[in-house]
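*Asks:* A single structure is presented below for examination.
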Amino acid sequence: MAVTLPDPGRIAEVRRELHAGLTKVKDLLSAVEVADELVPELASTLGSMGRRMVLVLFGNQPATIRQVQDFWQAAVPAWRNGGHTAVVECLGDEGHLLPLEFLPLFDIAGCDDGVTDRTDFLRACRSFVGFSCVVRRRILPVPVARDGGIRPGQDGRLTVRYLQDDSLPGADVEREWLTGEASARVRLRGPYPNDGHTAADVAGHIFDPVDDRDDPDHVQHFSCHCDTTTTSPLDYELTLRGAGRALRLTLGGLGDHLVKLGARAPRPARTMPLVFLNACGSSRMDATSTLSFPKLFLENGNRGFLGTEVAIPDEEAAEFAVAFYRELLLGGASFGVAVHRARMRLLEKFGNPIGLAYSVYGNTDLQVVQQEASQR
């Protein structure tokens, strides 16, 4: 089917509705475990967010809305079946990229206050594209690296560079999992910042993710505060903390360093790492402006980016990160499937839908390449 989508101003309004709706959902969540009595209000809030976005996109046109719903149900007939996950690619420049995951296109009326328990809530949540499909976002005209392999180093382990705000309890949880349960498969670089770490050092490792002659980073993980509410995108800020001090990284400052490094000399040919920006705690984020950090990393050549549309409560952020890495690093899942399974784990185990706020950019087919012992 063909439906003409509105002008960029309408997309911006959709993102404003998304930000308002996700903030309401987040504010209802006092803990990762959702109380049964909260389910009707949570379903109503989530469903209302999705329908308001549909209204902005298509207007009050019942025939068009039913046509769109019928198309999605026919295109993905197994949308109710958690064992079958379709992949949907969503393309657009920064002004036209549709937040597709958050639209309840499979059953637009299904998520409301008539949902009374977790079983109904899980079923209703699958009406949202992001709970039934892997959504691969692509920011045009940035190319996407198509190599689907994450190849361990000489010792059979994957290198994760860990940048954190050590005042966040969730950062400790994520780091302890990587150095505990995952230690046989993961070599941790960091945590950073340390005593001498500067913004130029961070930019240097983003530009060329290698320490001396060691294997390059496979993943660069940020567990930190993030502020994307400033007027200028160049002032968007990440705050790291360690060794008793804060290290503030603005988008413009990182970009300055990256432009300078690129102008000095060509970067050695490398397979660039996956980036996970896990913005949590008291972060201030606006879903109308979260595309700039993904674009910075994808233009840098990073093969994939995982980030959040709004600030995620610390407990949920850590739970999601561990579930994601368990699937990607230990479970053999692809990047996109690992994100989808982490979303579903929070929903199925805790009744918590906040995993929907994590968005995937780049190559969702990225997958750890299993090595035979004789190859190590």
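Following the order of the structure tokens, chains are lettered A, B, ..., residues in each are numbered from 1, and ligands are numbered from 1.
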Please identify every residue of stretch 124-161 of chain A that has at least one atom no farther than 10 Å from an atom of stretch 90-108 of chain A, counting only C-alpha atoms, and for each give the shortest atom pair and the distance in Å to one decimal, arranged by chain then increasing number, as a tab-separated table.
*Replies:*
```
residue	atom	partner	partner_atom	distance
A:Ala124	CA	A:Asp107	CA	7.9
A:Cys125	CA	A:Pro104	CA	8.0
A:Arg126	CA	A:Phe106	CA	7.8
A:Ser127	CA	A:Phe106	CA	4.6
A:Phe128	CA	A:Pro104	CA	3.8
A:Val129	CA	A:Glu101	CA	4.8
A:Gly130	CA	A:Glu101	CA	3.9
A:Phe131	CA	A:Glu101	CA	7.5
A:Ser132	CA	A:Phe106	CA	8.9
A:Cys133	CA	A:Glu101	CA	8.2
A:Val134	CA	A:Glu101	CA	8.6
A:Val135	CA	A:Glu101	CA	6.6
A:Arg136	CA	A:Cys90	CA	6.0
A:Arg137	CA	A:Cys90	CA	4.9
A:Arg138	CA	A:Leu91	CA	4.8
A:Ile139	CA	A:Asp93	CA	5.2
A:Leu140	CA	A:Asp93	CA	4.6
A:Pro141	CA	A:Asp93	CA	6.8
A:Val142	CA	A:Asp93	CA	8.8
```
*Asks:* Could the residues in this selection be saved with C-alpha atoms as a PDB file, in the first residue's frame?
*Replies:*
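Saved file result-v2.pdb follows:
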```pdb
ATOM      1  CA  ALA A 124      -1.683  -5.650  23.953  1.00  0.00           C
ATOM      2  CA  CYS A 125       1.952  -4.528  23.864  1.00  0.00           C
ATOM      3  CA  ARG A 126       2.579  -6.730  20.840  1.00  0.00           C
ATOM      4  CA  SER A 127       0.393  -4.327  18.873  1.00  0.00           C
ATOM      5  CA  PHE A 128       3.399  -1.968  18.904  1.00  0.00           C
ATOM      6  CA  VAL A 129       5.852  -2.493  16.053  1.00  0.00           C
ATOM      7  CA  GLY A 130       8.814  -2.447  18.443  1.00  0.00           C
ATOM      8  CA  PHE A 131       7.428  -5.306  20.535  1.00  0.00           C
ATOM      9  CA  SER A 132       6.602  -7.505  17.523  1.00  0.00           C
ATOM     10  CA  CYS A 133       9.482  -6.690  15.160  1.00  0.00           C
ATOM     11  CA  VAL A 134      13.158  -5.857  15.040  1.00  0.00           C
ATOM     12  CA  VAL A 135      13.259  -2.275  13.745  1.00  0.00           C
ATOM     13  CA  ARG A 136      16.471  -1.265  12.006  1.00  0.00           C
ATOM     14  CA  ARG A 137      16.781   2.511  11.854  1.00  0.00           C
ATOM     15  CA  ARG A 138      18.935   4.049   9.151  1.00  0.00           C
ATOM     16  CA  ILE A 139      19.768   7.760   9.082  1.00  0.00           C
ATOM     17  CA  LEU A 140      20.153   8.880   5.473  1.00  0.00           C
ATOM     18  CA  PRO A 141      22.494   9.478   3.750  1.00  0.00           C
ATOM     19  CA  VAL A 142      24.876   7.792   6.229  1.00  0.00           C
TER      20      VAL A 142
END
```
*Asks:* Please list as an NGL selection string every residue within 7 Å of A:Arg118, counting only C-alpha atoms and excluding residues in the same chain fewer than 2 positions away.
*Replies:* :A and (39 or 120-122 or 351)
*Asks:* Take the residues from that selection and write them out as a PDB file, in the first residue's frame, keeping N, CA, C and O atoms.
*Replies:*
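Result file out_7.pdb:
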```pdb
ATOM      1  N   VAL A  39      -1.337  -1.942  36.055  1.00  0.00           N
ATOM      2  CA  VAL A  39      -1.404  -2.371  34.660  1.00  0.00           C
ATOM      3  C   VAL A  39      -2.441  -1.603  33.843  1.00  0.00           C
ATOM      4  O   VAL A  39      -2.132  -1.128  32.737  1.00  0.00           O
ATOM      5  N   ASP A 120      -2.928  -9.940  29.578  1.00  0.00           N
ATOM      6  CA  ASP A 120      -3.570  -9.058  28.606  1.00  0.00           C
ATOM      7  C   ASP A 120      -2.614  -7.951  28.166  1.00  0.00           C
ATOM      8  O   ASP A 120      -2.595  -7.541  27.002  1.00  0.00           O
ATOM      9  N   PHE A 121      -1.831  -7.439  29.122  1.00  0.00           N
ATOM     10  CA  PHE A 121      -0.907  -6.344  28.816  1.00  0.00           C
ATOM     11  C   PHE A 121       0.169  -6.797  27.838  1.00  0.00           C
ATOM     12  O   PHE A 121       0.505  -6.087  26.884  1.00  0.00           O
ATOM     13  N   LEU A 122       0.712  -7.988  28.061  1.00  0.00           N
ATOM     14  CA  LEU A 122       1.711  -8.526  27.142  1.00  0.00           C
ATOM     15  C   LEU A 122       1.121  -8.666  25.741  1.00  0.00           C
ATOM     16  O   LEU A 122       1.762  -8.287  24.747  1.00  0.00           O
ATOM     17  N   GLY A 351       6.618  -7.136  33.693  1.00  0.00           N
ATOM     18  CA  GLY A 351       5.472  -6.348  33.254  1.00  0.00           C
ATOM     19  C   GLY A 351       5.845  -4.926  32.893  1.00  0.00           C
ATOM     20  O   GLY A 351       4.990  -4.033  32.877  1.00  0.00           O
TER      21      GLY A 351
END
```
*Asks:* Can you tell me, as number ranges by chain, which residues in stretch 146-316 of chain A count as helix (DSSP H, G or I) by DSSP?
*Replies:* A: 169-179, 199-207, 233-235, 251-264, 292-299, 314-316
*Asks:* Could the residues in this selection be written to a file with N, CA and C atoms, as a CSV table (one decimal), in the first residue's frame?
*Replies:*
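In the end it all went to part.csv:
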```
chain,number,residue,atom,x,y,z
A,169,PRO,N,24.4,3.5,40.5
A,169,PRO,CA,24.4,2.1,41.0
A,169,PRO,C,24.3,1.1,39.8
A,170,GLY,N,23.5,1.5,38.8
A,170,GLY,CA,23.4,0.6,37.6
A,170,GLY,C,24.7,0.4,36.8
A,171,ALA,N,25.5,1.4,36.8
A,171,ALA,CA,26.8,1.3,36.2
A,171,ALA,C,27.6,0.2,36.8
A,172,ASP,N,27.5,0.1,38.2
A,172,ASP,CA,28.2,-1.0,38.9
A,172,ASP,C,27.7,-2.4,38.5
A,173,VAL,N,26.3,-2.4,38.4
A,173,VAL,CA,25.7,-3.7,38.1
A,173,VAL,C,26.1,-4.2,36.7
A,174,GLU,N,26.1,-3.3,35.7
A,174,GLU,CA,26.5,-3.6,34.4
A,174,GLU,C,28.0,-4.1,34.3
A,175,ARG,N,28.9,-3.3,35.0
A,175,ARG,CA,30.3,-3.6,35.0
A,175,ARG,C,30.5,-5.0,35.7
A,176,GLU,N,29.9,-5.2,36.8
A,176,GLU,CA,30.1,-6.5,37.5
A,176,GLU,C,29.6,-7.7,36.7
A,177,TRP,N,28.6,-7.5,35.9
A,177,TRP,CA,28.1,-8.6,35.1
A,177,TRP,C,29.2,-8.9,34.0
A,178,LEU,N,29.7,-7.9,33.4
A,178,LEU,CA,30.7,-8.0,32.3
A,178,LEU,C,32.0,-8.7,32.9
A,179,THR,N,32.3,-8.3,34.1
A,179,THR,CA,33.6,-8.9,34.7
A,179,THR,C,33.3,-10.2,35.5
A,199,ALA,N,38.7,14.6,27.5
A,199,ALA,CA,37.7,14.5,26.4
A,199,ALA,C,38.5,14.1,25.1
A,200,ALA,N,39.7,14.6,24.9
A,200,ALA,CA,40.5,14.3,23.7
A,200,ALA,C,40.8,12.8,23.7
A,201,ASP,N,41.0,12.2,24.9
A,201,ASP,CA,41.3,10.7,24.9
A,201,ASP,C,40.1,9.9,24.5
A,202,VAL,N,38.9,10.4,25.0
A,202,VAL,CA,37.6,9.7,24.6
A,202,VAL,C,37.4,9.8,23.1
A,203,ALA,N,37.6,11.0,22.6
A,203,ALA,CA,37.4,11.2,21.1
A,203,ALA,C,38.4,10.3,20.3
A,204,GLY,N,39.6,10.2,20.8
A,204,GLY,CA,40.7,9.4,20.2
A,204,GLY,C,40.3,8.0,20.1
A,205,HIS,N,39.7,7.5,21.1
A,205,HIS,CA,39.3,6.0,21.1
A,205,HIS,C,38.0,5.8,20.3
A,206,ILE,N,37.2,6.8,20.2
A,206,ILE,CA,36.0,6.7,19.3
A,206,ILE,C,36.5,6.7,17.8
A,207,PHE,N,37.5,7.6,17.5
A,207,PHE,CA,38.0,7.7,16.2
A,207,PHE,C,38.8,6.4,15.8
A,233,PRO,N,22.2,21.4,19.2
A,233,PRO,CA,22.6,20.1,19.4
A,233,PRO,C,24.1,20.0,19.7
A,234,LEU,N,24.9,21.0,19.3
A,234,LEU,CA,26.4,20.9,19.6
A,234,LEU,C,26.6,21.0,21.1
A,235,ASP,N,25.6,21.4,21.9
A,235,ASP,CA,25.8,21.5,23.4
A,235,ASP,C,25.2,20.3,24.1
A,251,LEU,N,28.6,17.2,22.4
A,251,LEU,CA,28.6,16.7,21.0
A,251,LEU,C,29.5,17.6,20.2
A,252,GLY,N,29.5,18.9,20.4
A,252,GLY,CA,30.4,19.7,19.6
A,252,GLY,C,31.8,19.5,19.9
A,253,GLY,N,32.1,19.3,21.2
A,253,GLY,CA,33.5,19.1,21.6
A,253,GLY,C,34.1,17.8,21.0
A,254,LEU,N,33.3,16.7,21.1
A,254,LEU,CA,33.7,15.4,20.5
A,254,LEU,C,33.9,15.6,19.0
A,255,GLY,N,32.9,16.3,18.4
A,255,GLY,CA,33.0,16.5,16.9
A,255,GLY,C,34.2,17.3,16.6
A,256,ASP,N,34.6,18.3,17.4
A,256,ASP,CA,35.8,19.1,17.1
A,256,ASP,C,37.0,18.2,17.1
A,257,HIS,N,37.1,17.3,18.1
A,257,HIS,CA,38.3,16.4,18.2
A,257,HIS,C,38.3,15.4,17.0
A,258,LEU,N,37.1,14.9,16.6
A,258,LEU,CA,37.0,13.9,15.6
A,258,LEU,C,37.4,14.5,14.2
A,259,VAL,N,36.9,15.8,14.0
A,259,VAL,CA,37.2,16.4,12.7
A,259,VAL,C,38.7,16.7,12.6
A,260,LYS,N,39.3,17.1,13.8
A,260,LYS,CA,40.8,17.3,13.8
A,260,LYS,C,41.6,16.1,13.5
A,261,LEU,N,41.1,14.9,14.2
A,261,LEU,CA,41.8,13.7,13.9
A,261,LEU,C,41.7,13.2,12.5
A,262,GLY,N,40.5,13.4,11.9
A,262,GLY,CA,40.3,13.0,10.5
A,262,GLY,C,41.1,13.8,9.5
A,263,ALA,N,41.3,15.1,9.9
A,263,ALA,CA,42.0,16.0,9.0
A,263,ALA,C,43.5,15.7,9.0
A,264,ARG,N,44.0,15.2,10.1
A,264,ARG,CA,45.5,15.0,10.2
A,264,ARG,C,46.0,13.8,9.4
A,292,SER,N,21.1,13.0,17.2
A,292,SER,CA,22.4,13.6,16.9
A,292,SER,C,23.5,12.7,17.4
A,293,PHE,N,23.4,12.1,18.6
A,293,PHE,CA,24.5,11.2,19.0
A,293,PHE,C,24.5,9.9,18.1
A,294,PRO,N,23.4,9.3,17.7
A,294,PRO,CA,23.5,8.2,16.8
A,294,PRO,C,24.2,8.6,15.5
A,295,LYS,N,23.8,9.8,15.0
A,295,LYS,CA,24.4,10.2,13.7
A,295,LYS,C,25.9,10.4,13.8
A,296,LEU,N,26.4,11.0,14.9
A,296,LEU,CA,27.8,11.2,15.1
A,296,LEU,C,28.6,9.9,15.1
A,297,PHE,N,28.1,8.9,15.7
A,297,PHE,CA,28.8,7.6,15.7
A,297,PHE,C,28.7,6.9,14.4
A,298,LEU,N,27.5,6.9,13.8
A,298,LEU,CA,27.4,6.2,12.5
A,298,LEU,C,28.2,6.9,11.4
A,299,GLU,N,28.3,8.2,11.4
A,299,GLU,CA,29.2,8.9,10.5
A,299,GLU,C,30.6,8.6,10.8
A,314,ASP,N,17.5,4.0,36.6
A,314,ASP,CA,18.7,3.3,36.8
A,314,ASP,C,18.6,1.8,36.8
A,315,GLU,N,17.6,1.3,37.6
A,315,GLU,CA,17.4,-0.1,37.8
A,315,GLU,C,17.0,-0.8,36.5
A,316,GLU,N,16.1,-0.2,35.7
A,316,GLU,CA,15.7,-0.7,34.5
A,316,GLU,C,16.8,-0.7,33.4
```
*Asks:* DSSP on the backbone, strand (DSSP E) only: what residues of stretch 42-273 of chain A does that give? Format it as a PyMOL selection string.
*Replies:* chain A and resi 86-92+133-139+149-150+158-164+186-192+219-227+237-242+245-250
*Asks:* Considering only C-alpha atoms, return as a ChimeraX atom specification whatever protein or nucleic-acid residues lie within 10 Å of stretch 334-338 of chain A, sequence-local ones (same chain, fewer than 4 positions apart) excluded.
*Replies:* /A:85-87,133-136,148-150,274,304-306,323-329,342-344,359-368
*Asks:* Considering only C-alpha atoms, state which residue in the set A:Val210, A:Leu240, A:Val88, A:Ile312 is at the smallest distance from A:Thr271.
*Replies:*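 So, comparing all the options, the nearest one is A:Val210.
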*Asks:* Calculate how many Å separate atom CA of A:Lys24 from atom CA of A:Ala321, rounding to one decimal.
*Replies:* 22.2 Å
*Asks:* At a cut-off of 10 Å, using only C-alpha atoms, what residues contact A:Glu37? Leave out same-chain residues fewer than 2 positions from it and give the result as an MDAnalysis selection string.
*Replies:* chainID A and resid 34:35 39:42 116:118
*Asks:* Please write the residues from the selection above to a file, keeping C-alpha atoms, as a PDB file, in the first residue's frame.
*Replies:*
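Below is the file that was written, out26.pdb:
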```pdb
ATOM      1  CA  VAL A  34       5.240  -3.406  37.818  1.00  0.00           C
ATOM      2  CA  ALA A  35       2.467  -3.874  40.398  1.00  0.00           C
ATOM      3  CA  VAL A  39      -1.404  -2.371  34.660  1.00  0.00           C
ATOM      4  CA  PRO A  40      -4.666  -0.698  33.476  1.00  0.00           C
ATOM      5  CA  GLU A  41      -3.240   2.833  33.845  1.00  0.00           C
ATOM      6  CA  LEU A  42       0.044   1.818  32.236  1.00  0.00           C
ATOM      7  CA  THR A 116      -6.611  -5.726  33.391  1.00  0.00           C
ATOM      8  CA  ASP A 117      -3.704  -8.095  33.982  1.00  0.00           C
ATOM      9  CA  ARG A 118      -0.181  -8.842  32.814  1.00  0.00           C
TER      10      ARG A 118
END
```
*Asks:* State, in Å with one decimal place, the distance from atom CA of A:Leu57 to atom CA of A:His19.
*Replies:*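 Answer for the atom CA of A:Leu57 to atom CA of A:His19 separation: 15.5 Å.
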*Asks:* Counting only C-alpha atoms, figure out which residue out of A:Thr308, A:Gln164, A:Gln73, A:Asn300 gets nearest to A:Arg248.
*Replies:* A:Gln164
*Asks:* List the spatial neighbours of stretch 217-227 of chain A as a list in words - criterion: any atom at most 6 Å away, only C-alpha atoms, same-chain residues fewer than 2 positions off excluded.
*Replies:*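 Listed by chain and then number, they are Thr159, Val160, Arg161, Tyr162, Leu163, Gln164, Asp165, Ala171, Pro209, Thr229, Tyr236, Glu237, Leu238, Thr239, Leu240, Pro273, Leu274, Val275, Phe276, Leu277, Asn278, Ala279, Cys280, Ser283, Arg284 and Met285 of chain A.
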*Asks:* Can you measure atom CA of A:Leu46 to atom CA of A:Gly307 for me? One decimal in Å is fine.
*Replies:*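 The value is 19.8 Å.
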